$ cat coords.cif   # mmCIF, N, CA and C atoms
data_data
loop_
_atom_site.label_atom_id
_atom_site.label_comp_id
_atom_site.auth_asym_id
_atom_site.auth_seq_id
_atom_site.Cartn_x
_atom_site.Cartn_y
_atom_site.Cartn_z
N MET U 1 -22.67 15.69 -50.28
CA MET U 1 -22.95 16.05 -48.90
C MET U 1 -21.81 15.55 -48.02
N ALA U 2 -21.45 16.35 -47.04
CA ALA U 2 -20.42 15.98 -46.08
C ALA U 2 -21.07 15.79 -44.71
N TYR U 3 -20.34 15.10 -43.85
CA TYR U 3 -20.83 14.83 -42.50
C TYR U 3 -19.86 15.40 -41.48
N TRP U 4 -20.42 15.81 -40.34
CA TRP U 4 -19.66 16.49 -39.30
C TRP U 4 -20.11 16.03 -37.93
N LEU U 5 -19.38 16.47 -36.92
CA LEU U 5 -19.78 16.32 -35.52
C LEU U 5 -19.46 17.65 -34.85
N MET U 6 -20.45 18.20 -34.15
CA MET U 6 -20.28 19.49 -33.49
C MET U 6 -20.62 19.31 -32.01
N LYS U 7 -19.75 19.86 -31.17
CA LYS U 7 -19.89 19.68 -29.72
C LYS U 7 -20.49 20.92 -29.05
N SER U 8 -21.28 20.64 -28.04
CA SER U 8 -21.79 21.71 -27.18
C SER U 8 -21.96 21.16 -25.77
N GLU U 9 -21.61 21.97 -24.79
CA GLU U 9 -21.87 21.58 -23.41
C GLU U 9 -23.37 21.71 -23.17
N PRO U 10 -24.03 20.64 -22.71
CA PRO U 10 -25.48 20.70 -22.55
C PRO U 10 -25.96 21.79 -21.60
N GLY U 11 -25.09 22.21 -20.67
CA GLY U 11 -25.45 23.31 -19.78
C GLY U 11 -25.46 24.65 -20.48
N ASP U 12 -24.71 24.76 -21.59
CA ASP U 12 -24.67 25.99 -22.37
C ASP U 12 -25.73 25.99 -23.46
N TYR U 13 -25.78 24.91 -24.24
CA TYR U 13 -26.79 24.77 -25.30
C TYR U 13 -26.92 23.29 -25.59
N SER U 14 -28.13 22.76 -25.41
CA SER U 14 -28.35 21.32 -25.53
C SER U 14 -29.18 20.99 -26.76
N TRP U 15 -29.27 19.70 -27.04
CA TRP U 15 -30.14 19.20 -28.12
C TRP U 15 -31.56 19.68 -27.89
N ASP U 16 -32.04 19.59 -26.66
CA ASP U 16 -33.41 20.04 -26.36
C ASP U 16 -33.58 21.52 -26.66
N ASP U 17 -32.56 22.32 -26.41
CA ASP U 17 -32.62 23.75 -26.75
C ASP U 17 -32.77 23.93 -28.26
N LEU U 18 -32.00 23.16 -29.04
CA LEU U 18 -32.09 23.26 -30.50
C LEU U 18 -33.48 22.85 -30.99
N VAL U 19 -34.01 21.78 -30.43
CA VAL U 19 -35.35 21.33 -30.84
C VAL U 19 -36.38 22.42 -30.50
N ARG U 20 -36.27 22.99 -29.33
CA ARG U 20 -37.18 24.07 -28.92
C ARG U 20 -37.06 25.28 -29.83
N ASP U 21 -35.81 25.68 -30.14
CA ASP U 21 -35.57 26.89 -30.94
C ASP U 21 -35.83 26.67 -32.43
N LYS U 22 -35.75 25.44 -32.89
CA LYS U 22 -35.96 25.05 -34.29
C LYS U 22 -34.84 25.48 -35.23
N ARG U 23 -33.99 26.37 -34.80
CA ARG U 23 -32.85 26.83 -35.60
C ARG U 23 -31.93 27.63 -34.68
N THR U 24 -30.62 27.52 -34.94
CA THR U 24 -29.68 28.33 -34.17
C THR U 24 -28.43 28.58 -34.98
N TYR U 25 -27.65 29.54 -34.54
CA TYR U 25 -26.32 29.77 -35.10
C TYR U 25 -25.32 29.07 -34.19
N TRP U 26 -24.29 28.49 -34.79
CA TRP U 26 -23.26 27.77 -34.04
C TRP U 26 -22.07 28.71 -33.88
N ASP U 27 -22.09 29.48 -32.79
CA ASP U 27 -21.08 30.50 -32.56
C ASP U 27 -20.08 30.08 -31.50
N GLY U 28 -19.09 30.92 -31.28
CA GLY U 28 -18.14 30.71 -30.20
C GLY U 28 -16.96 29.82 -30.52
N VAL U 29 -16.83 29.35 -31.75
CA VAL U 29 -15.70 28.51 -32.13
C VAL U 29 -14.47 29.40 -32.31
N ARG U 30 -13.43 29.15 -31.51
CA ARG U 30 -12.24 29.99 -31.55
C ARG U 30 -10.96 29.23 -31.86
N ASN U 31 -11.07 28.00 -32.26
CA ASN U 31 -9.92 27.21 -32.68
C ASN U 31 -9.85 27.27 -34.21
N TYR U 32 -8.67 27.55 -34.76
CA TYR U 32 -8.56 27.74 -36.21
C TYR U 32 -8.92 26.49 -37.00
N GLN U 33 -8.53 25.31 -36.52
CA GLN U 33 -8.86 24.09 -37.25
C GLN U 33 -10.37 23.85 -37.23
N ALA U 34 -10.99 24.02 -36.07
CA ALA U 34 -12.44 23.86 -35.97
C ALA U 34 -13.15 24.91 -36.83
N SER U 35 -12.61 26.13 -36.85
CA SER U 35 -13.19 27.19 -37.67
C SER U 35 -13.08 26.85 -39.15
N ASN U 36 -11.95 26.27 -39.56
CA ASN U 36 -11.80 25.85 -40.95
C ASN U 36 -12.81 24.76 -41.30
N ASN U 37 -13.14 23.91 -40.34
CA ASN U 37 -14.18 22.91 -40.57
C ASN U 37 -15.53 23.58 -40.78
N LEU U 38 -15.82 24.61 -40.00
CA LEU U 38 -17.07 25.37 -40.21
C LEU U 38 -17.09 26.00 -41.61
N LYS U 39 -15.95 26.54 -42.02
CA LYS U 39 -15.86 27.17 -43.35
C LYS U 39 -16.11 26.17 -44.47
N ALA U 40 -15.76 24.92 -44.25
CA ALA U 40 -15.91 23.88 -45.27
C ALA U 40 -17.35 23.37 -45.40
N MET U 41 -18.18 23.70 -44.46
CA MET U 41 -19.56 23.20 -44.48
C MET U 41 -20.38 23.82 -45.60
N LYS U 42 -21.25 23.01 -46.17
CA LYS U 42 -22.17 23.45 -47.23
C LYS U 42 -23.61 23.29 -46.75
N ARG U 43 -24.50 24.06 -47.38
CA ARG U 43 -25.93 23.89 -47.08
C ARG U 43 -26.33 22.45 -47.35
N GLY U 44 -27.05 21.87 -46.41
CA GLY U 44 -27.50 20.49 -46.56
C GLY U 44 -26.60 19.46 -45.91
N ASP U 45 -25.37 19.84 -45.55
CA ASP U 45 -24.50 18.92 -44.82
C ASP U 45 -25.17 18.54 -43.50
N LEU U 46 -24.89 17.33 -43.04
CA LEU U 46 -25.45 16.86 -41.78
C LEU U 46 -24.36 16.78 -40.72
N SER U 47 -24.76 17.00 -39.48
CA SER U 47 -23.83 16.94 -38.37
C SER U 47 -24.47 16.24 -37.18
N PHE U 48 -23.66 15.47 -36.49
CA PHE U 48 -24.11 14.95 -35.21
C PHE U 48 -24.04 16.07 -34.19
N PHE U 49 -24.99 16.09 -33.27
CA PHE U 49 -24.97 16.99 -32.12
C PHE U 49 -24.42 16.18 -30.96
N TYR U 50 -23.28 16.62 -30.45
CA TYR U 50 -22.56 15.89 -29.39
C TYR U 50 -22.59 16.70 -28.11
N HIS U 51 -23.12 16.11 -27.04
CA HIS U 51 -23.07 16.73 -25.72
C HIS U 51 -21.70 16.45 -25.11
N SER U 52 -20.92 17.50 -24.90
CA SER U 52 -19.56 17.33 -24.39
C SER U 52 -19.50 17.41 -22.87
N VAL U 53 -18.32 17.43 -22.36
CA VAL U 53 -17.95 17.53 -20.96
C VAL U 53 -18.42 16.28 -20.19
N LYS U 54 -19.46 16.37 -19.40
CA LYS U 54 -19.85 15.23 -18.56
C LYS U 54 -20.64 14.17 -19.33
N ALA U 55 -21.54 14.57 -20.20
CA ALA U 55 -22.39 13.60 -20.90
C ALA U 55 -21.59 12.79 -21.91
N ARG U 56 -20.79 13.44 -22.72
CA ARG U 56 -19.94 12.82 -23.74
C ARG U 56 -20.70 11.79 -24.59
N GLU U 57 -21.71 12.30 -25.32
CA GLU U 57 -22.51 11.40 -26.15
C GLU U 57 -23.12 12.14 -27.33
N ILE U 58 -23.29 11.40 -28.43
CA ILE U 58 -24.00 11.91 -29.59
C ILE U 58 -25.49 11.73 -29.31
N VAL U 59 -26.27 12.80 -29.50
CA VAL U 59 -27.69 12.72 -29.15
C VAL U 59 -28.63 13.02 -30.30
N GLY U 60 -28.14 13.65 -31.37
CA GLY U 60 -29.04 14.00 -32.46
C GLY U 60 -28.30 14.31 -33.75
N VAL U 61 -29.10 14.55 -34.79
CA VAL U 61 -28.58 14.93 -36.10
C VAL U 61 -29.17 16.29 -36.46
N MET U 62 -28.32 17.17 -36.97
CA MET U 62 -28.77 18.48 -37.42
C MET U 62 -28.26 18.74 -38.82
N LYS U 63 -28.87 19.73 -39.49
CA LYS U 63 -28.53 20.07 -40.87
C LYS U 63 -28.04 21.51 -40.93
N VAL U 64 -27.02 21.73 -41.75
CA VAL U 64 -26.51 23.08 -41.98
C VAL U 64 -27.47 23.77 -42.96
N VAL U 65 -28.00 24.93 -42.55
CA VAL U 65 -28.93 25.66 -43.41
C VAL U 65 -28.40 27.02 -43.85
N LYS U 66 -27.31 27.48 -43.23
CA LYS U 66 -26.66 28.72 -43.65
C LYS U 66 -25.16 28.52 -43.49
N THR U 67 -24.41 28.80 -44.54
CA THR U 67 -22.97 28.59 -44.51
C THR U 67 -22.27 29.71 -43.74
N TYR U 68 -21.00 29.54 -43.59
CA TYR U 68 -20.11 30.37 -42.78
C TYR U 68 -20.33 31.87 -43.00
N TYR U 69 -20.50 32.57 -41.90
CA TYR U 69 -20.62 34.03 -41.91
C TYR U 69 -20.04 34.56 -40.60
N PRO U 70 -19.76 35.87 -40.49
CA PRO U 70 -19.09 36.40 -39.31
C PRO U 70 -19.84 36.10 -38.00
N ASP U 71 -19.06 35.72 -36.99
CA ASP U 71 -19.59 35.44 -35.65
C ASP U 71 -19.70 36.77 -34.90
N HIS U 72 -20.92 37.16 -34.57
CA HIS U 72 -21.16 38.44 -33.90
C HIS U 72 -20.57 38.49 -32.49
N THR U 73 -20.19 37.35 -31.93
CA THR U 73 -19.61 37.33 -30.58
C THR U 73 -18.09 37.45 -30.60
N ASP U 74 -17.49 37.50 -31.80
CA ASP U 74 -16.03 37.56 -31.93
C ASP U 74 -15.59 39.00 -32.18
N GLU U 75 -15.02 39.61 -31.17
CA GLU U 75 -14.58 41.00 -31.29
C GLU U 75 -13.38 41.14 -32.24
N SER U 76 -12.64 40.07 -32.45
CA SER U 76 -11.46 40.15 -33.33
C SER U 76 -11.85 40.14 -34.81
N GLY U 77 -13.03 39.65 -35.12
CA GLY U 77 -13.48 39.57 -36.50
C GLY U 77 -12.86 38.43 -37.29
N ARG U 78 -12.17 37.53 -36.62
CA ARG U 78 -11.48 36.42 -37.30
C ARG U 78 -12.34 35.18 -37.50
N PHE U 79 -13.37 35.02 -36.69
CA PHE U 79 -14.09 33.76 -36.67
C PHE U 79 -15.53 33.92 -37.14
N GLY U 80 -16.10 32.80 -37.56
CA GLY U 80 -17.46 32.80 -38.08
C GLY U 80 -18.29 31.70 -37.48
N MET U 81 -19.47 31.51 -38.08
CA MET U 81 -20.41 30.52 -37.58
C MET U 81 -21.29 30.04 -38.73
N VAL U 82 -22.06 29.00 -38.49
CA VAL U 82 -23.04 28.49 -39.43
C VAL U 82 -24.37 28.37 -38.70
N ASP U 83 -25.45 28.26 -39.46
CA ASP U 83 -26.77 28.02 -38.87
C ASP U 83 -27.16 26.57 -39.08
N VAL U 84 -27.81 25.99 -38.08
CA VAL U 84 -28.24 24.60 -38.13
C VAL U 84 -29.69 24.47 -37.66
N VAL U 85 -30.34 23.40 -38.12
CA VAL U 85 -31.68 23.04 -37.66
C VAL U 85 -31.65 21.58 -37.23
N PRO U 86 -32.52 21.20 -36.29
CA PRO U 86 -32.56 19.79 -35.89
C PRO U 86 -33.19 18.94 -36.99
N VAL U 87 -32.68 17.74 -37.17
CA VAL U 87 -33.26 16.78 -38.11
C VAL U 87 -33.98 15.68 -37.35
N LYS U 88 -33.25 15.00 -36.44
CA LYS U 88 -33.87 13.94 -35.64
C LYS U 88 -32.97 13.57 -34.48
N PRO U 89 -33.58 13.13 -33.40
CA PRO U 89 -32.77 12.61 -32.29
C PRO U 89 -32.29 11.20 -32.62
N LEU U 90 -31.25 10.77 -31.97
CA LEU U 90 -30.84 9.38 -32.09
C LEU U 90 -31.84 8.51 -31.34
N GLY U 91 -31.99 7.27 -31.78
CA GLY U 91 -32.86 6.33 -31.06
C GLY U 91 -32.32 6.05 -29.68
N LYS U 92 -30.99 6.05 -29.57
CA LYS U 92 -30.32 5.95 -28.27
C LYS U 92 -29.01 6.71 -28.39
N PRO U 93 -28.61 7.41 -27.32
CA PRO U 93 -27.35 8.16 -27.37
C PRO U 93 -26.17 7.22 -27.61
N VAL U 94 -25.16 7.74 -28.30
CA VAL U 94 -23.93 6.99 -28.53
C VAL U 94 -22.85 7.62 -27.64
N HIS U 95 -22.45 6.88 -26.62
CA HIS U 95 -21.49 7.38 -25.64
C HIS U 95 -20.06 7.30 -26.17
N LEU U 96 -19.24 8.23 -25.75
CA LEU U 96 -17.84 8.25 -26.15
C LEU U 96 -17.14 6.94 -25.81
N SER U 97 -17.46 6.35 -24.68
CA SER U 97 -16.82 5.08 -24.30
C SER U 97 -17.13 3.98 -25.32
N ASP U 98 -18.35 3.97 -25.86
CA ASP U 98 -18.71 2.98 -26.88
C ASP U 98 -18.00 3.28 -28.20
N ILE U 99 -17.84 4.55 -28.51
CA ILE U 99 -17.12 4.93 -29.73
C ILE U 99 -15.66 4.48 -29.63
N LYS U 100 -15.03 4.76 -28.50
CA LYS U 100 -13.63 4.38 -28.32
C LYS U 100 -13.44 2.86 -28.28
N ALA U 101 -14.47 2.13 -27.86
CA ALA U 101 -14.38 0.67 -27.77
C ALA U 101 -14.51 -0.02 -29.13
N ASP U 102 -14.99 0.70 -30.14
CA ASP U 102 -15.22 0.10 -31.45
C ASP U 102 -13.99 0.33 -32.33
N PRO U 103 -13.25 -0.73 -32.68
CA PRO U 103 -12.02 -0.54 -33.46
C PRO U 103 -12.26 0.08 -34.84
N ARG U 104 -13.48 -0.01 -35.37
CA ARG U 104 -13.77 0.60 -36.67
C ARG U 104 -13.73 2.13 -36.60
N LEU U 105 -13.80 2.68 -35.37
CA LEU U 105 -13.86 4.13 -35.19
C LEU U 105 -12.55 4.71 -34.66
N LYS U 106 -11.48 3.92 -34.69
CA LYS U 106 -10.21 4.40 -34.12
C LYS U 106 -9.66 5.62 -34.84
N ASP U 107 -10.02 5.82 -36.11
CA ASP U 107 -9.54 6.97 -36.87
C ASP U 107 -10.53 8.14 -36.88
N LEU U 108 -11.63 8.01 -36.18
CA LEU U 108 -12.61 9.09 -36.10
C LEU U 108 -11.95 10.32 -35.45
N ALA U 109 -12.15 11.48 -36.04
CA ALA U 109 -11.53 12.70 -35.52
C ALA U 109 -11.91 12.98 -34.06
N LEU U 110 -13.10 12.60 -33.65
CA LEU U 110 -13.52 12.77 -32.26
C LEU U 110 -12.58 12.02 -31.32
N VAL U 111 -12.08 10.89 -31.76
CA VAL U 111 -11.17 10.09 -30.95
C VAL U 111 -9.74 10.62 -31.08
N ARG U 112 -9.31 10.93 -32.29
CA ARG U 112 -7.93 11.37 -32.54
C ARG U 112 -7.67 12.80 -32.07
N GLN U 113 -8.65 13.68 -32.23
CA GLN U 113 -8.49 15.10 -31.87
C GLN U 113 -9.62 15.50 -30.94
N SER U 114 -9.61 14.93 -29.78
CA SER U 114 -10.76 15.03 -28.86
C SER U 114 -11.07 16.45 -28.40
N ARG U 115 -10.15 17.37 -28.53
CA ARG U 115 -10.40 18.73 -28.03
C ARG U 115 -11.08 19.63 -29.06
N LEU U 116 -11.12 19.22 -30.32
CA LEU U 116 -11.75 20.04 -31.35
C LEU U 116 -13.27 20.01 -31.20
N SER U 117 -13.90 21.15 -31.35
CA SER U 117 -15.35 21.24 -31.17
C SER U 117 -16.14 20.98 -32.45
N VAL U 118 -15.47 21.00 -33.59
CA VAL U 118 -16.11 20.74 -34.88
C VAL U 118 -15.17 19.86 -35.68
N VAL U 119 -15.62 18.64 -36.02
CA VAL U 119 -14.76 17.70 -36.73
C VAL U 119 -15.51 17.04 -37.88
N PRO U 120 -14.78 16.66 -38.94
CA PRO U 120 -15.42 15.93 -40.03
C PRO U 120 -15.67 14.48 -39.63
N VAL U 121 -16.66 13.87 -40.28
CA VAL U 121 -16.98 12.46 -40.08
C VAL U 121 -17.05 11.82 -41.46
N SER U 122 -16.32 10.75 -41.67
CA SER U 122 -16.34 10.08 -42.98
C SER U 122 -17.69 9.39 -43.20
N ASN U 123 -17.96 9.08 -44.45
CA ASN U 123 -19.21 8.37 -44.78
C ASN U 123 -19.31 7.05 -44.02
N ALA U 124 -18.20 6.31 -43.96
CA ALA U 124 -18.20 5.02 -43.27
C ALA U 124 -18.45 5.20 -41.78
N HIS U 125 -17.79 6.17 -41.16
CA HIS U 125 -18.00 6.42 -39.73
C HIS U 125 -19.42 6.90 -39.47
N TRP U 126 -19.97 7.71 -40.37
CA TRP U 126 -21.35 8.19 -40.21
C TRP U 126 -22.31 7.00 -40.15
N ALA U 127 -22.14 6.06 -41.07
CA ALA U 127 -23.02 4.89 -41.11
C ALA U 127 -22.91 4.06 -39.85
N ILE U 128 -21.69 3.87 -39.37
CA ILE U 128 -21.47 3.09 -38.13
C ILE U 128 -22.14 3.79 -36.95
N LEU U 129 -21.92 5.09 -36.82
CA LEU U 129 -22.48 5.84 -35.68
C LEU U 129 -24.01 5.89 -35.75
N CYS U 130 -24.56 6.01 -36.95
CA CYS U 130 -26.02 5.98 -37.09
C CYS U 130 -26.56 4.62 -36.62
N ALA U 131 -25.91 3.55 -37.02
CA ALA U 131 -26.33 2.21 -36.59
C ALA U 131 -26.26 2.08 -35.07
N MET U 132 -25.18 2.59 -34.49
CA MET U 132 -25.03 2.54 -33.03
C MET U 132 -26.11 3.35 -32.32
N GLY U 133 -26.58 4.41 -32.98
CA GLY U 133 -27.60 5.28 -32.40
C GLY U 133 -29.01 4.89 -32.79
N ASP U 134 -29.17 3.76 -33.46
CA ASP U 134 -30.49 3.26 -33.85
C ASP U 134 -31.25 4.22 -34.78
N ILE U 135 -30.55 4.78 -35.75
CA ILE U 135 -31.21 5.59 -36.79
C ILE U 135 -30.67 5.18 -38.15
N ALA U 136 -31.42 5.47 -39.18
CA ALA U 136 -30.96 5.20 -40.55
C ALA U 136 -29.97 6.28 -40.96
N PRO U 137 -28.93 5.89 -41.71
CA PRO U 137 -27.94 6.90 -42.14
C PRO U 137 -28.53 7.90 -43.12
#
$ encode --input "coords.cif" --output "C-alpha cells"
Amino acid sequence: MAYWLMKSEPGDYSWDDLVRDKRTYWDGVRNYQASNNLKAMKRGDLSFFYHSVKAREIVGVMKVVKTYYPDHTDESGRFGMVDVVPVKPLGKPVHLSDIKADPRLKDLALVRQSRLSVVPVSNAHWAILCAMGDIAP
C-alpha cells in the first residue's frame, strides 16, 4: 500500500462534502507530475485530504477505490482521475505551519513541492502526520 496527499479548496470540495457524498471522483488535475501520481495509485492506497488555499491543513483520510481512468472534464483527453471514499477524519487538523515547523517533515513533498495537488507520502511521514492528527496510522 502507498500513501498520498491530495489537495482541494474547501470552497470547491471539502472533507464534509466527501463524507456527505460517501464517494467521489478526484478530477481536475492538470499538472503532469500530479497526474502521474494519480496514475501510480492502486486500489486500497490511502491519502490525506488536505484543505488548500486559506485553511492549509490535513483534515481526513480517504481510500482509493477506483484507479486512474479518463477525466470527463478534460477536453484534451490527456488527464485522468481516481475515485476515493472517506475513511476517517483526523482527531485534530494538521496545519501546514506545524508541518513546516517539524524538521522530520522537511523532505515531505507537500513542503518541497507546495504547488502540486497530488503528492506521495512516505511511510515514515505518514506515521508522523497521523500522530500529529491524533489518529492511528
$ closest_residue --input "coords.cif" --among "U:Cys130, U:Leu116, U:Ala124, U:Val61" --to "Val87 in chain U" --atoms "only C-alpha atoms"
U:Val61
$ atom_distance --input "coords.cif" --atom1 "CA of Asn123 in chain U" --atom2 "CA of Leu110 in chain U"
14.4 Å
$ atom_distance --input "coords.cif" --atom1 "atom N of Ala131 in chain U" --atom2 "atom C of Lys54 in chain U"
21.3 Å
$ atom_distance --input "coords.cif" --atom1 "atom C of Ile99 in chain U" --atom2 "CA of Trp15 in chain U"
20.7 Å
$ resolve_selection --input "coords.cif" --expression "the PyMOL selection byres (((chain U and resi 29 and name CA) around 8) and name CA)" --output "ChimeraX atom specification"
/U:26-28,30-31,34-35,79-81,117
$ resolve_selection --input "coords.cif" --expression "the PyMOL selection byres ((chain U and resi 62) around 7)" --output "list of chain:residue names"
U:Asp45, U:Leu46, U:Ser47, U:Phe48, U:Phe49, U:Gly60, U:Val61, U:Lys63, U:Val64, U:Val84, U:Val85, U:Pro86, U:Val87, U:Lys88
$ select_by_dssp --input "coords.cif" --residues "range 72-103 of chain U" --states "alpha helix (DSSP H)" --output "PyMOL selection string"
chain U and resi 96-101
$ resolve_selection --input "coords.cif" --expression "the PyMOL selection byres ((chain U and resi 38) around 6.5)" --output "PyMOL selection string"
chain U and resi 33-37+39-41+68+81-82+118
$ closest_residue --input "coords.cif" --among "U:Leu105, U:Pro89, U:Val121, U:Lys100" --to "Gly133 in chain U" --atoms "only N, CA and C atoms"
U:Pro89
$ decode --input "coords.cif" --residues "range 95-117 of chain U" --atoms "N, CA and C atoms" --output "JSON list (two decimals), in the first residue's frame"
[["chain", "number", "residue", "atom", "x", "y", "z"],
["U", 95, "HIS", "N", -2.02, 21.55, 10.62],
["U", 95, "HIS", "CA", -1.81, 22.77, 9.85],
["U", 95, "HIS", "C", -0.45, 22.76, 9.15],
["U", 96, "LEU", "N", -0.40, 23.39, 8.00],
["U", 96, "LEU", "CA", 0.84, 23.48, 7.24],
["U", 96, "LEU", "C", 1.96, 24.10, 8.07],
["U", 97, "SER", "N", 1.64, 25.09, 8.89],
["U", 97, "SER", "CA", 2.68, 25.72, 9.71],
["U", 97, "SER", "C", 3.31, 24.72, 10.68],
["U", 98, "ASP", "N", 2.50, 23.80, 11.22],
["U", 98, "ASP", "CA", 3.04, 22.76, 12.11],
["U", 98, "ASP", "C", 3.88, 21.75, 11.33],
["U", 99, "ILE", "N", 3.46, 21.45, 10.12],
["U", 99, "ILE", "CA", 4.23, 20.53, 9.27],
["U", 99, "ILE", "C", 5.60, 21.14, 8.96],
["U", 100, "LYS", "N", 5.60, 22.40, 8.56],
["U", 100, "LYS", "CA", 6.87, 23.06, 8.22],
["U", 100, "LYS", "C", 7.77, 23.24, 9.44],
["U", 101, "ALA", "N", 7.18, 23.32, 10.63],
["U", 101, "ALA", "CA", 7.97, 23.51, 11.86],
["U", 101, "ALA", "C", 8.63, 22.22, 12.34],
["U", 102, "ASP", "N", 8.21, 21.08, 11.82],
["U", 102, "ASP", "CA", 8.74, 19.79, 12.27],
["U", 102, "ASP", "C", 9.89, 19.38, 11.35],
["U", 103, "PRO", "N", 11.13, 19.35, 11.87],
["U", 103, "PRO", "CA", 12.27, 19.02, 10.99],
["U", 103, "PRO", "C", 12.20, 17.62, 10.39],
["U", 104, "ARG", "N", 11.44, 16.71, 10.99],
["U", 104, "ARG", "CA", 11.31, 15.36, 10.44],
["U", 104, "ARG", "C", 10.54, 15.37, 9.12],
["U", 105, "LEU", "N", 9.82, 16.47, 8.84],
["U", 105, "LEU", "CA", 8.98, 16.55, 7.64],
["U", 105, "LEU", "C", 9.56, 17.47, 6.57],
["U", 106, "LYS", "N", 10.83, 17.84, 6.72],
["U", 106, "LYS", "CA", 11.43, 18.78, 5.76],
["U", 106, "LYS", "C", 11.48, 18.23, 4.34],
["U", 107, "ASP", "N", 11.50, 16.91, 4.18],
["U", 107, "ASP", "CA", 11.54, 16.30, 2.85],
["U", 107, "ASP", "C", 10.17, 15.89, 2.33],
["U", 108, "LEU", "N", 9.12, 16.18, 3.07],
["U", 108, "LEU", "CA", 7.76, 15.88, 2.63],
["U", 108, "LEU", "C", 7.47, 16.65, 1.34],
["U", 109, "ALA", "N", 6.90, 15.98, 0.36],
["U", 109, "ALA", "CA", 6.62, 16.62, -0.93],
["U", 109, "ALA", "C", 5.72, 17.84, -0.79],
["U", 110, "LEU", "N", 4.82, 17.84, 0.18],
["U", 110, "LEU", "CA", 3.95, 18.99, 0.42],
["U", 110, "LEU", "C", 4.79, 20.23, 0.73],
["U", 111, "VAL", "N", 5.90, 20.05, 1.40],
["U", 111, "VAL", "CA", 6.79, 21.15, 1.75],
["U", 111, "VAL", "C", 7.71, 21.50, 0.58],
["U", 112, "ARG", "N", 8.28, 20.49, -0.07],
["U", 112, "ARG", "CA", 9.24, 20.70, -1.15],
["U", 112, "ARG", "C", 8.58, 21.16, -2.45],
["U", 113, "GLN", "N", 7.39, 20.64, -2.75],
["U", 113, "GLN", "CA", 6.70, 20.96, -4.00],
["U", 113, "GLN", "C", 5.28, 21.42, -3.67],
["U", 114, "SER", "N", 5.21, 22.55, -3.03],
["U", 114, "SER", "CA", 3.96, 23.02, -2.43],
["U", 114, "SER", "C", 2.84, 23.28, -3.44],
["U", 115, "ARG", "N", 3.15, 23.42, -4.70],
["U", 115, "ARG", "CA", 2.11, 23.74, -5.68],
["U", 115, "ARG", "C", 1.43, 22.50, -6.26],
["U", 116, "LEU", "N", 2.01, 21.32, -6.06],
["U", 116, "LEU", "CA", 1.41, 20.10, -6.59],
["U", 116, "LEU", "C", 0.16, 19.73, -5.80],
["U", 117, "SER", "N", -0.88, 19.31, -6.49],
["U", 117, "SER", "CA", -2.14, 18.99, -5.84],
["U", 117, "SER", "C", -2.24, 17.53, -5.39]]
